[in-house]
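Source file: model23.cif; contents: mmCIF, C-alpha atoms.
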data_entry
#
loop_
_atom_site.label_atom_id
_atom_site.label_comp_id
_atom_site.auth_asym_id
_atom_site.auth_seq_id
_atom_site.Cartn_x
_atom_site.Cartn_y
_atom_site.Cartn_z
CA MET T 1066 267.63 72.31 -45.10
CA ASN T 1067 270.56 72.84 -47.52
CA LYS T 1068 268.41 74.48 -50.19
CA ASN T 1069 269.93 77.42 -52.07
CA VAL T 1070 268.03 80.73 -52.19
CA PHE T 1071 269.54 83.44 -54.38
CA VAL T 1072 268.25 86.90 -53.39
CA VAL T 1073 268.73 89.43 -56.18
CA VAL T 1074 268.42 93.14 -55.34
CA ARG T 1075 270.04 96.32 -56.66
CA SER T 1076 270.58 97.79 -53.17
CA ILE T 1077 270.13 96.51 -49.65
CA SER T 1078 270.63 97.76 -46.11
CA PHE T 1079 271.66 95.64 -43.14
CA GLY T 1080 272.21 98.89 -41.28
CA ASN T 1081 270.29 102.14 -41.00
CA SER T 1082 267.93 102.88 -43.88
CA VAL T 1083 264.62 104.52 -44.72
CA GLY T 1084 264.25 102.67 -48.03
CA GLY T 1085 261.39 100.15 -48.00
CA MET T 1086 262.83 97.68 -50.52
CA GLU T 1087 266.28 97.77 -48.89
CA LYS T 1088 264.77 96.97 -45.48
CA ALA T 1089 262.37 94.33 -46.79
CA ALA T 1090 265.15 92.49 -48.64
CA SER T 1091 267.43 92.43 -45.59
CA GLU T 1092 264.66 91.18 -43.29
CA HIS T 1093 263.78 88.52 -45.87
CA ILE T 1094 267.39 87.33 -45.95
CA ASN T 1095 267.71 87.24 -42.16
CA GLU T 1096 264.57 85.15 -41.81
CA MET T 1097 265.56 82.67 -44.52
CA VAL T 1098 268.91 82.13 -42.79
CA LYS T 1099 267.07 81.42 -39.53
CA LEU T 1100 264.96 78.82 -41.33
CA GLY T 1101 268.07 77.00 -42.52
CA TYR T 1102 268.30 78.02 -46.18
CA ASN T 1103 271.67 78.58 -47.86
CA VAL T 1104 271.21 82.23 -48.82
CA VAL T 1105 273.24 83.85 -51.59
CA LEU T 1106 272.92 87.62 -51.95
CA VAL T 1107 273.38 88.92 -55.49
CA ALA T 1108 273.93 92.69 -55.41
CA PRO T 1109 276.44 95.46 -56.25
CA GLU T 1110 278.98 95.51 -53.42
CA ASN T 1111 278.96 99.32 -53.27
CA LYS T 1112 275.18 99.33 -52.73
CA ILE T 1113 275.24 97.15 -49.62
CA VAL T 1114 274.88 99.09 -46.37
CA GLY T 1115 275.99 97.46 -43.13
CA ASN T 1116 277.48 94.02 -42.55
CA ILE T 1117 276.23 90.98 -44.43
CA PRO T 1118 274.90 88.49 -41.84
CA ASP T 1119 276.72 85.28 -41.00
CA GLY T 1120 275.55 82.41 -43.15
CA VAL T 1121 274.98 84.59 -46.23
CA SER T 1122 277.24 84.29 -49.28
CA LEU T 1123 277.75 87.19 -51.68
CA ILE T 1124 277.92 87.30 -55.44
CA GLY T 1125 278.97 90.87 -56.14
CA VAL T 1126 277.89 92.15 -59.53
CA THR T 1127 279.26 95.63 -60.19
CA TRP T 1128 276.86 98.45 -60.94
CA PRO T 1129 277.99 100.55 -63.98
CA LYS T 1130 280.49 103.07 -62.61
CA TRP T 1131 279.33 105.86 -64.90
CA ASP T 1132 275.87 105.94 -63.27
CA ARG T 1133 276.81 108.38 -60.54
CA TYR T 1134 275.24 111.71 -61.29
CA LYS T 1135 271.49 111.76 -60.71
CA ILE T 1136 271.02 114.81 -62.92
CA LEU T 1137 271.97 112.72 -65.98
CA MET T 1138 269.07 110.32 -65.38
CA THR T 1139 271.04 107.24 -66.40
CA MET T 1140 269.83 104.80 -63.74
CA GLY T 1141 267.37 103.00 -66.04
CA ILE T 1142 270.07 102.18 -68.57
CA ALA T 1143 272.46 101.16 -65.79
CA TYR T 1144 269.78 98.91 -64.28
CA TYR T 1145 269.29 97.16 -67.64
CA ILE T 1146 273.04 96.55 -68.01
CA TRP T 1147 273.32 95.32 -64.42
CA CYS T 1148 270.44 92.86 -64.91
CA GLU T 1149 272.17 91.48 -68.00
CA LYS T 1150 275.39 90.95 -66.03
CA VAL T 1151 273.50 89.23 -63.19
CA GLY T 1152 271.78 86.95 -65.71
CA LYS T 1153 275.14 85.82 -67.10
CA LYS T 1154 276.43 85.21 -63.57
CA LEU T 1155 273.40 83.14 -62.56
CA ASN T 1156 273.60 81.11 -65.77
CA ARG T 1157 276.98 79.90 -64.49
CA THR T 1158 276.16 79.47 -60.79
CA ALA T 1159 272.49 78.48 -60.31
CA LYS T 1160 271.50 74.86 -60.73
CA GLN T 1161 268.42 72.68 -60.86
CA GLY T 1162 266.22 72.98 -57.77
CA ASP T 1163 267.60 76.34 -56.65
CA ILE T 1164 265.27 79.19 -55.67
CA VAL T 1165 265.89 82.67 -57.10
CA HIS T 1166 264.02 85.56 -55.46
CA PHE T 1167 264.04 88.94 -57.23
CA HIS T 1168 263.24 92.26 -55.57
CA GLY T 1169 261.88 95.17 -57.61
CA ALA T 1170 263.03 95.69 -61.20
CA SER T 1171 265.79 93.10 -60.78
CA ALA T 1172 263.03 90.90 -62.25
CA GLY T 1173 264.60 91.96 -65.55
CA VAL T 1174 267.32 89.38 -64.92
CA LEU T 1175 264.76 86.73 -65.94
CA ASN T 1176 265.07 87.92 -69.52
CA PHE T 1177 268.77 87.09 -69.53
CA LEU T 1178 268.56 83.63 -67.96
CA ASN T 1179 269.03 80.59 -70.13
CA PRO T 1180 265.49 79.26 -70.86
CA ASN T 1181 266.54 75.75 -69.85
CA LEU T 1182 267.80 77.07 -66.49
CA ARG T 1183 264.55 78.99 -65.95
CA ASN T 1184 262.69 75.71 -66.32
CA GLU T 1185 264.90 74.02 -63.71
CA ILE T 1186 264.83 76.66 -60.96
CA PHE T 1187 261.98 78.22 -58.95
CA THR T 1188 261.71 81.98 -59.55
CA ILE T 1189 259.82 84.52 -57.43
CA VAL T 1190 259.46 88.28 -57.92
CA ASN T 1191 258.46 90.80 -55.27
CA PRO T 1192 257.76 93.95 -57.34
CA HIS T 1193 257.40 96.19 -54.24
CA GLY T 1194 256.09 99.69 -55.04
CA MET T 1195 256.22 99.48 -58.85
CA GLU T 1196 257.23 103.17 -59.00
CA GLU T 1197 257.98 102.60 -62.69
CA PHE T 1198 254.25 102.72 -63.40
CA GLY T 1199 253.61 105.98 -61.57
CA THR T 1200 254.00 109.54 -62.77
CA GLY T 1201 257.05 111.75 -62.57
CA SER T 1202 259.07 114.41 -64.31
CA PHE T 1203 259.67 114.49 -68.06
CA LEU T 1204 263.37 113.82 -67.48
CA ARG T 1205 262.57 110.45 -65.89
CA ILE T 1206 260.67 109.08 -68.91
CA ILE T 1207 263.75 107.33 -70.33
CA ASN T 1208 264.62 105.88 -66.91
CA ARG T 1209 261.08 104.59 -66.49
CA ALA T 1210 261.05 103.06 -69.97
CA PHE T 1211 264.01 100.86 -69.06
CA THR T 1212 262.91 99.95 -65.54
CA LYS T 1213 259.32 99.32 -66.62
CA TRP T 1214 260.58 96.95 -69.32
CA LEU T 1215 262.70 95.17 -66.72
CA ILE T 1216 259.98 94.69 -64.13
CA LYS T 1217 257.52 93.51 -66.78
CA LYS T 1218 259.80 90.50 -67.21
CA SER T 1219 258.06 89.27 -64.04
CA ILE T 1220 255.81 87.47 -66.52
CA LEU T 1221 258.65 84.94 -66.87
CA ALA T 1222 258.67 84.13 -63.14
CA ASP T 1223 256.90 81.18 -61.56
CA ILE T 1224 255.34 83.36 -58.83
CA VAL T 1225 254.81 87.11 -58.36
CA ILE T 1226 254.19 88.44 -54.86
CA ALA T 1227 251.34 90.81 -54.08
CA THR T 1228 252.06 92.37 -50.71
CA ASP T 1229 248.48 93.49 -50.06
CA GLU T 1230 245.07 92.30 -51.19
CA SER T 1231 244.19 95.79 -52.37
CA ILE T 1232 247.03 95.84 -54.92
CA ILE T 1233 246.48 92.40 -56.50
CA ASP T 1234 244.57 93.88 -59.44
CA LEU T 1235 247.26 96.55 -59.89
CA VAL T 1236 250.02 93.93 -59.93
CA LYS T 1237 248.12 91.88 -62.49
CA LYS T 1238 247.44 94.92 -64.67
CA ASN T 1239 250.92 96.44 -64.53
CA LEU T 1240 252.79 93.17 -65.03
CA ASN T 1241 250.25 91.46 -67.32
CA ILE T 1242 250.10 88.28 -65.25
CA ASP T 1243 247.26 85.90 -64.40
CA ASP T 1244 245.77 84.86 -61.06
CA ASP T 1245 247.61 81.55 -60.98
CA LYS T 1246 250.97 83.37 -60.69
CA ILE T 1247 249.97 85.57 -57.76
CA ALA T 1248 250.88 84.77 -54.16
CA LEU T 1249 249.62 87.08 -51.41
CA ILE T 1250 252.38 87.55 -48.85
CA PRO T 1251 252.35 90.84 -46.94
CA ASN T 1252 255.58 92.72 -46.51
CA SER T 1253 256.32 92.57 -42.83
CA ILE T 1254 258.39 94.08 -40.06
CA ASP T 1255 260.13 92.74 -36.99
CA VAL T 1256 257.69 94.37 -34.57
CA PHE T 1257 259.53 93.47 -31.39
CA LYS T 1258 262.94 94.53 -32.71
CA LEU T 1259 261.53 97.94 -33.68
CA ARG T 1260 260.03 98.38 -30.23
CA LYS T 1261 263.35 97.46 -28.65
CA TYR T 1262 265.08 100.09 -30.83
CA ALA T 1263 262.62 102.66 -29.51
CA GLU T 1264 263.29 101.63 -25.90
CA ASN T 1265 267.06 101.77 -26.35
CA GLY T 1266 267.22 104.87 -28.56
CA SER T 1267 267.62 108.31 -27.11
CA VAL T 1268 264.97 110.64 -28.47
CA LYS T 1269 266.64 113.62 -30.09
CA SER T 1270 265.84 117.07 -28.80
CA LEU T 1271 263.93 117.41 -32.10
CA ASN T 1272 261.05 115.56 -30.48
CA LYS T 1273 261.09 117.65 -27.35
CA ASN T 1274 259.21 120.78 -28.34
CA GLU T 1275 257.30 121.49 -25.17
CA ASN T 1276 254.61 123.62 -26.79
CA LYS T 1277 254.42 121.88 -30.17
CA LEU T 1278 252.54 118.97 -31.60
CA VAL T 1279 255.18 116.73 -33.23
CA LEU T 1280 254.45 115.22 -36.63
CA VAL T 1281 256.86 112.63 -38.10
CA SER T 1282 257.29 111.29 -41.63
CA ILE T 1283 259.84 108.83 -43.02
CA GLY T 1284 260.94 108.12 -46.57
CA ARG T 1285 262.77 109.23 -49.67
CA ILE T 1286 261.87 112.78 -50.62
CA GLU T 1287 260.62 111.97 -54.11
CA PHE T 1288 257.55 112.96 -56.14
CA ASN T 1289 255.62 109.76 -55.44
CA LYS T 1290 255.96 110.21 -51.66
CA GLY T 1291 253.93 113.43 -51.68
CA TYR T 1292 255.86 115.43 -49.08
CA ASP T 1293 255.21 118.58 -51.12
CA LEU T 1294 251.49 117.91 -50.58
CA LEU T 1295 252.03 117.61 -46.84
CA ALA T 1296 254.08 120.82 -46.73
CA SER T 1297 251.25 122.68 -48.46
CA ALA T 1298 248.60 121.09 -46.25
CA LEU T 1299 250.43 122.12 -43.08
CA GLY T 1300 250.95 125.61 -44.45
CA ASP T 1301 247.25 125.97 -45.19
CA TYR T 1302 246.25 124.72 -41.76
CA SER T 1303 243.20 126.55 -40.55
CA ILE T 1304 242.53 125.49 -36.94
CA GLU T 1305 243.03 128.74 -35.11
CA TYR T 1306 244.27 127.38 -31.81
CA LEU T 1307 246.85 125.17 -33.57
CA ASP T 1308 248.34 128.00 -35.59
CA ASP T 1309 252.16 127.85 -35.56
CA SER T 1310 252.10 124.94 -33.08
CA ILE T 1311 253.12 121.98 -35.28
CA LYS T 1312 256.69 120.73 -35.54
CA TRP T 1313 257.28 118.48 -38.58
CA ILE T 1314 260.29 116.15 -38.48
CA HIS T 1315 261.14 114.19 -41.62
CA PHE T 1316 263.67 111.35 -41.75
CA GLY T 1317 265.13 110.78 -45.22
CA ARG T 1318 266.73 112.38 -48.24
CA GLY T 1319 265.93 112.72 -51.91
CA LYS T 1320 265.83 114.83 -55.05
CA LYS T 1321 262.75 116.81 -53.94
CA LYS T 1322 264.33 118.02 -50.70
CA THR T 1323 264.85 121.58 -51.91
CA GLU T 1324 261.33 121.83 -53.33
CA VAL T 1325 259.71 120.57 -50.12
CA THR T 1326 261.91 122.80 -47.98
CA ASP T 1327 261.04 125.84 -50.10
CA ILE T 1328 257.29 125.16 -49.83
CA ALA T 1329 257.56 124.74 -46.07
CA LYS T 1330 259.56 127.95 -45.71
CA SER T 1331 257.16 129.95 -47.88
CA LYS T 1332 254.23 128.77 -45.75
CA ASN T 1333 255.97 129.16 -42.38
CA VAL T 1334 255.95 125.44 -41.67
CA ASP T 1335 258.38 124.38 -38.93
CA LEU T 1336 260.22 121.57 -40.78
CA THR T 1337 263.41 119.75 -39.86
CA ILE T 1338 264.84 117.16 -42.27
CA VAL T 1339 267.16 114.54 -40.74
CA GLU T 1340 269.20 112.66 -43.34
CA ASN T 1341 271.45 110.37 -41.35
CA ALA T 1342 269.52 109.18 -38.33
CA THR T 1343 270.12 105.78 -36.79
CA ASP T 1344 267.38 103.17 -36.64
CA ALA T 1345 267.16 103.76 -32.88
CA GLU T 1346 266.64 107.49 -33.37
CA VAL T 1347 263.98 106.97 -36.04
CA GLN T 1348 262.05 104.35 -34.06
CA SER T 1349 262.32 106.35 -30.85
CA SER T 1350 260.99 109.44 -32.64
CA LEU T 1351 258.10 107.41 -34.03
CA ALA T 1352 257.23 106.02 -30.62
CA ASN T 1353 257.16 109.51 -29.12
CA CYS T 1354 255.48 111.52 -31.88
CA ASP T 1355 251.94 112.85 -31.84
CA ILE T 1356 251.11 111.97 -35.46
CA PHE T 1357 252.76 109.98 -38.26
CA VAL T 1358 251.87 111.00 -41.82
CA GLN T 1359 252.24 109.01 -45.05
CA PRO T 1360 251.14 111.46 -47.80
CA SER T 1361 252.07 109.32 -50.84
CA ARG T 1362 250.71 109.91 -54.34
CA TYR T 1363 251.36 106.23 -55.07
CA GLU T 1364 252.86 103.52 -52.93
CA GLY T 1365 253.59 99.83 -52.61
CA SER T 1366 253.08 98.12 -49.29
CA SER T 1367 254.46 101.04 -47.23
CA LEU T 1368 256.75 99.55 -44.59
CA THR T 1369 257.07 102.89 -42.85
CA THR T 1370 253.33 102.85 -42.17
CA LEU T 1371 253.75 99.42 -40.59
CA GLU T 1372 256.64 100.71 -38.48
CA ALA T 1373 254.42 103.52 -37.20
CA MET T 1374 251.65 101.02 -36.42
CA ALA T 1375 254.11 98.87 -34.45
CA HIS T 1376 254.50 101.78 -32.00
CA GLY T 1377 250.80 102.60 -31.86
CA CYS T 1378 251.22 105.91 -33.65
CA LEU T 1379 248.25 108.02 -34.60
CA ILE T 1380 248.47 107.75 -38.40
CA VAL T 1381 247.23 109.90 -41.26
CA ALA T 1382 247.74 108.28 -44.67
CA THR T 1383 246.56 108.54 -48.27
CA PRO T 1384 244.49 105.70 -49.83
CA VAL T 1385 247.12 104.40 -52.26
CA GLY T 1386 248.86 101.06 -52.82
CA GLY T 1387 248.53 98.69 -49.90
CA ILE T 1388 247.83 101.40 -47.31
CA PRO T 1389 244.02 100.85 -47.19
CA ASP T 1390 244.67 97.24 -46.09
CA LYS T 1391 246.37 98.64 -43.00
CA ILE T 1392 244.80 102.01 -42.26
CA LYS T 1393 241.06 101.57 -41.74
CA ASN T 1394 239.51 104.98 -41.28
CA LEU T 1395 238.67 105.72 -37.64
CA GLN T 1396 239.75 102.19 -36.69
CA THR T 1397 243.54 101.97 -37.13
CA GLY T 1398 244.13 105.52 -38.32
CA PHE T 1399 242.81 108.32 -40.49
CA LEU T 1400 242.59 107.49 -44.19
CA CYS T 1401 242.45 110.49 -46.51
CA LYS T 1402 239.76 110.51 -49.21
CA GLN T 1403 242.43 110.97 -51.86
CA ALA T 1404 246.07 111.97 -52.28
CA ASP T 1405 245.71 115.74 -52.43
CA ILE T 1406 246.31 118.77 -50.23
CA SER T 1407 242.68 119.27 -49.23
CA SER T 1408 242.19 115.63 -48.16
CA ILE T 1409 245.43 115.52 -46.19
CA LYS T 1410 244.53 118.76 -44.43
CA SER T 1411 241.05 117.46 -43.59
CA SER T 1412 242.35 114.17 -42.16
CA LEU T 1413 245.04 115.96 -40.15
CA ARG T 1414 242.41 118.20 -38.62
CA GLU T 1415 240.27 115.17 -37.78
CA ALA T 1416 243.19 113.28 -36.23
CA ILE T 1417 244.25 116.21 -34.07
CA THR T 1418 240.77 116.94 -32.76
CA TYR T 1419 239.48 113.34 -32.51
CA GLY T 1420 238.19 112.45 -29.05
CA ASN T 1421 239.21 108.79 -28.65
CA LYS T 1422 242.73 108.63 -30.03
CA GLU T 1423 243.92 105.86 -27.69
CA VAL T 1424 241.51 103.27 -29.12
CA ILE T 1425 242.82 103.95 -32.64
CA ARG T 1426 246.42 103.76 -31.43
CA LYS T 1427 245.72 100.45 -29.69
CA ASN T 1428 244.07 98.97 -32.78
CA ALA T 1429 247.04 99.89 -34.97
CA TYR T 1430 249.48 98.51 -32.38
CA GLU T 1431 247.67 95.18 -32.22
CA MET T 1432 247.21 94.84 -35.99
CA ALA T 1433 250.96 95.32 -36.54
CA GLU T 1434 251.73 92.62 -33.99
CA ASN T 1435 249.06 90.10 -35.02
CA VAL T 1436 249.08 90.47 -38.81
CA TYR T 1437 252.30 92.08 -40.00
CA ASP T 1438 255.06 90.72 -37.75
CA ILE T 1439 257.81 89.07 -39.76
CA SER T 1440 257.12 85.62 -38.32
CA ALA T 1441 253.93 85.42 -40.43
CA SER T 1442 255.58 86.26 -43.76
CA SER T 1443 258.55 83.96 -43.02
CA ARG T 1444 256.18 81.04 -42.57
CA LYS T 1445 254.43 81.86 -45.85
CA TYR T 1446 257.71 82.14 -47.77
CA HIS T 1447 258.83 78.80 -46.38
CA GLU T 1448 255.56 77.23 -47.53
CA LEU T 1449 255.93 78.85 -50.96
CA TYR T 1450 259.53 77.72 -51.40
CA SER T 1451 258.60 74.18 -50.35
CA SER T 1452 255.80 74.08 -52.90
CA GLY T 1453 258.00 75.15 -55.78
CA THR T 1454 260.57 72.36 -55.85
CA LYS T 1455 261.50 71.42 -59.42
#
Kindly transcribe the structure held in the file into structure tokens.
Amino acid sequence: MNKNVFVVVRSISFGNSVGGMEKAASEHINEMVKLGYNVVLVAPENKIVGNIPDGVSLIGVTWPKWDRYKILMTMGIAYYIWCEKVGKKLNRTAKQGDIVHFHGASAGVLNFLNPNLRNEIFTIVNPHGMEEFGTGSFLRIINRAFTKWLIKKSILADIVIATDESIIDLVKKNLNIDDDKIALIPNSIDVFKLRKYAENGSVKSLNKNENKLVLVSIGRIEFNKGYDLLASALGDYSIEYLDDSIKWIHFGRGKKKTEVTDIAKSKNVDLTIVENATDAEVQSSLANCDIFVQPSRYEGSSLTTLEAMAHGCLIVATPVGGIPDKIKNLQTGFLCKQADISSIKSSLREAITYGNKEVIRKNAYEMAENVYDISASSRKYHELYSSGTK
């Protein structure tokens, strides 16, 4: 094929990760290599986890070294500076006919590209969760101002990806773009690889609580993910015969860890947080859990929900972002009425006491395989790249 695809992302994982964007970007790269593209990864070298695959070149663009202490809330400024540096690098290396694919707020690089170069290359942005447009603490306002400005530069791209039909209007509103720039390509997972991980992974003793119903969640412990809501919902649980019988295992880390842990402790919730699990351990735990919960306040496509579906998990999820495209209430899972404690508690109760769980599990399992396996999105990206030759 011999066509160059530059993939620009601020962090990426070719190893173990619970970050959705990091996983999506690595899977995207792997699939484009398989299709014969010359893939060039543009990222900070110190934010690459695992080994870069064969056939992928690297342009390392250093992240500002002073952005190390989360308490200072300097990431937004650092992101802006990094995007400017990437723009200068691409101005020297990209050429007519190349494809440049931006993940997340790296879309800000578009602002720093030479206008003539922008007209000669094909540019695509996958905005992912657009956390910049959600709510958060007062201290994050400055960060969000910078990252929101960066991702809004998606308006300069040729195509912006909407990962789910239910978020098309949100993408258009947040990024101020028209219908003719939207391409619907679902984020996807390698269903069969995840199932193989589960088969080969040894389930930790965490999952083996003989008298407990095991609930699993996966993700960064941040405000938008809503794990504080889940902790409160579990603490307020009111089914008498399930009292003190739920074991909650969470895979991930984040700034809200202490807050979530404190809520769980105050409400006598049996919570274990695992920060450094392997992919095999995570997938094996998913495949063997009783319930998977995605309690997000706001969300993008939610890859972790797809991972749970790939194993036929019984899923409880909030109706945010692209989740309603995947979790159809009483068909592929249990969709909360809204993202709050009461709704999560109600849906958990329904999931636990529902009579025909196996039909719902089977529906989720089949939807993951038939609709969201990576082979489908790879085909769509290939079609999109072929259509955008300049």
Subject >> Exercise: Leu1123 in chain T partners within 10 Å, only C-alpha atoms, chain neighbours under 3 positions left out, as a PyMOL selection string >> reply: chain T and resi 1071-1072+1104-1110+1117+1126
Hey, could you pull the box centre and edge lengths for range 1363-1377 of chain T, axis-aligned, 6 Å padding per side, all listed atoms, to one decimal in Å, as JSON?
{"center_x": 253.9, "center_y": 102.2, "center_z": -43.5, "size_x": 18.3, "size_y": 20.1, "size_z": 35.2}
Original post:
Expanded to explicit residues, what is the PyMOL selection byres ((chain T and resi 1450) around 12) for this file, as a ChimeraX atom specification?
Top reply: /T:1066,1068-1071,1097,1100,1102,1162-1166,1186-1189,1223-1224,1248,1443-1449,1451-1455
Original post:
Which protein, DNA or RNA residues are at most 12 Å from (243.6, 113.6, -47.3) in the file's coordinates when you count all atoms listed in the file, listed as a PyMOL selection string?
Top reply: chain T and resi 1291+1294-1295+1297-1299+1358-1362+1380-1385+1394+1399-1416
Original post:
Restricting the calculation to all atoms listed in the file, which member of T:Asn1111, T:Thr1127, T:Asn1333, T:Ser1367 is positioned closest to Met1195 in chain T?
Top reply: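 Of T:Asn1111, T:Thr1127, T:Asn1333, T:Ser1367, the one nearest Met1195 in chain T, counting all atoms listed in the file, is T:Ser1367.
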Subject >> For CA of Lys1391 in chain T and CA of Glu1434 in chain T, the interatomic separation in Å (one decimal) >> reply: 12.1 Å
Original post:
How many Å lie between CA of His1168 in chain T and CA of Gly1085 in chain T, rounded to one decimal?
Top reply: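 Atom-to-atom, CA of His1168 in chain T to CA of Gly1085 in chain T, that is 11.1 Å.
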Subject >> For Val1151 in chain T: contacts at 12 Å, all atoms listed in the file, fewer than 6 positions along chain excluded, given as a PyMOL selection string >> reply: chain T and resi 1071-1075+1106-1109+1124-1128+1144-1145+1157-1159+1165+1167+1171-1179
Output file for the residues above (C-alpha atoms, as a PDB file, keeping the file's coordinate frame):
ATOM      1  CA  PHE T1071     269.540  83.440 -54.380  1.00  0.00           C
ATOM      2  CA  VAL T1072     268.250  86.900 -53.390  1.00  0.00           C
ATOM      3  CA  VAL T1073     268.730  89.430 -56.180  1.00  0.00           C
ATOM      4  CA  VAL T1074     268.420  93.140 -55.340  1.00  0.00           C
ATOM      5  CA  ARG T1075     270.040  96.320 -56.660  1.00  0.00           C
ATOM      6  CA  LEU T1106     272.920  87.620 -51.950  1.00  0.00           C
ATOM      7  CA  VAL T1107     273.380  88.920 -55.490  1.00  0.00           C
ATOM      8  CA  ALA T1108     273.930  92.690 -55.410  1.00  0.00           C
ATOM      9  CA  PRO T1109     276.440  95.460 -56.250  1.00  0.00           C
ATOM     10  CA  ILE T1124     277.920  87.300 -55.440  1.00  0.00           C
ATOM     11  CA  GLY T1125     278.970  90.870 -56.140  1.00  0.00           C
ATOM     12  CA  VAL T1126     277.890  92.150 -59.530  1.00  0.00           C
ATOM     13  CA  THR T1127     279.260  95.630 -60.190  1.00  0.00           C
ATOM     14  CA  TRP T1128     276.860  98.450 -60.940  1.00  0.00           C
ATOM     15  CA  TYR T1144     269.780  98.910 -64.280  1.00  0.00           C
ATOM     16  CA  TYR T1145     269.290  97.160 -67.640  1.00  0.00           C
ATOM     17  CA  ARG T1157     276.980  79.900 -64.490  1.00  0.00           C
ATOM     18  CA  THR T1158     276.160  79.470 -60.790  1.00  0.00           C
ATOM     19  CA  ALA T1159     272.490  78.480 -60.310  1.00  0.00           C
ATOM     20  CA  VAL T1165     265.890  82.670 -57.100  1.00  0.00           C
ATOM     21  CA  PHE T1167     264.040  88.940 -57.230  1.00  0.00           C
ATOM     22  CA  SER T1171     265.790  93.100 -60.780  1.00  0.00           C
ATOM     23  CA  ALA T1172     263.030  90.900 -62.250  1.00  0.00           C
ATOM     24  CA  GLY T1173     264.600  91.960 -65.550  1.00  0.00           C
ATOM     25  CA  VAL T1174     267.320  89.380 -64.920  1.00  0.00           C
ATOM     26  CA  LEU T1175     264.760  86.730 -65.940  1.00  0.00           C
ATOM     27  CA  ASN T1176     265.070  87.920 -69.520  1.00  0.00           C
ATOM     28  CA  PHE T1177     268.770  87.090 -69.530  1.00  0.00           C
ATOM     29  CA  LEU T1178     268.560  83.630 -67.960  1.00  0.00           C
ATOM     30  CA  ASN T1179     269.030  80.590 -70.130  1.00  0.00           C
TER      31      ASN T1179
END
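You will find CA of Asp1245 in chain T at 9.5 Å from CA of Val1225 in chain T.
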**OP:** Compute the distance from (262.7, 90.3, -46.6) to each atom, counting all atoms listed in the file, keep the residues with any atom at most 9 Å away, and return them as a VMD selection string; use the coordinates of the file.
**Re:** chain T and resid 1086 to 1097 1252 to 1254 1439 1442 to 1443
Subject >> Which of T:Leu1259, T:Ile1142, T:Leu1280, T:Ala1227 sits closest to Leu1215 in chain T [using all atoms listed in the file] >> reply: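 Nearest candidate to Leu1215 in chain T out of T:Leu1259, T:Ile1142, T:Leu1280, T:Ala1227: T:Ile1142.
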Subject >> Residue nearest Glu1287 in chain T among T:Thr1228, T:Gln1396, T:Thr1323, T:Ser1350 (counting all atoms listed in the file) >> reply: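 Looking only at the distances to Glu1287 in chain T, the closest residue turns out to be T:Thr1323.
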**OP:** Find the residues around Ala1263 in chain T up to 7 Å (all atoms listed in the file counted), leave out those fewer than 6 positions away in its own chain, and share them as number ranges by chain.
**Re:** T: 1345, 1348-1349, 1352
Subject >> For Ile1328 in chain T: contacts at 9 Å, all atoms listed in the file, fewer than 6 positions along chain excluded, given as a ChimeraX atom specification >> reply: /T:1293,1296-1297,1300,1334
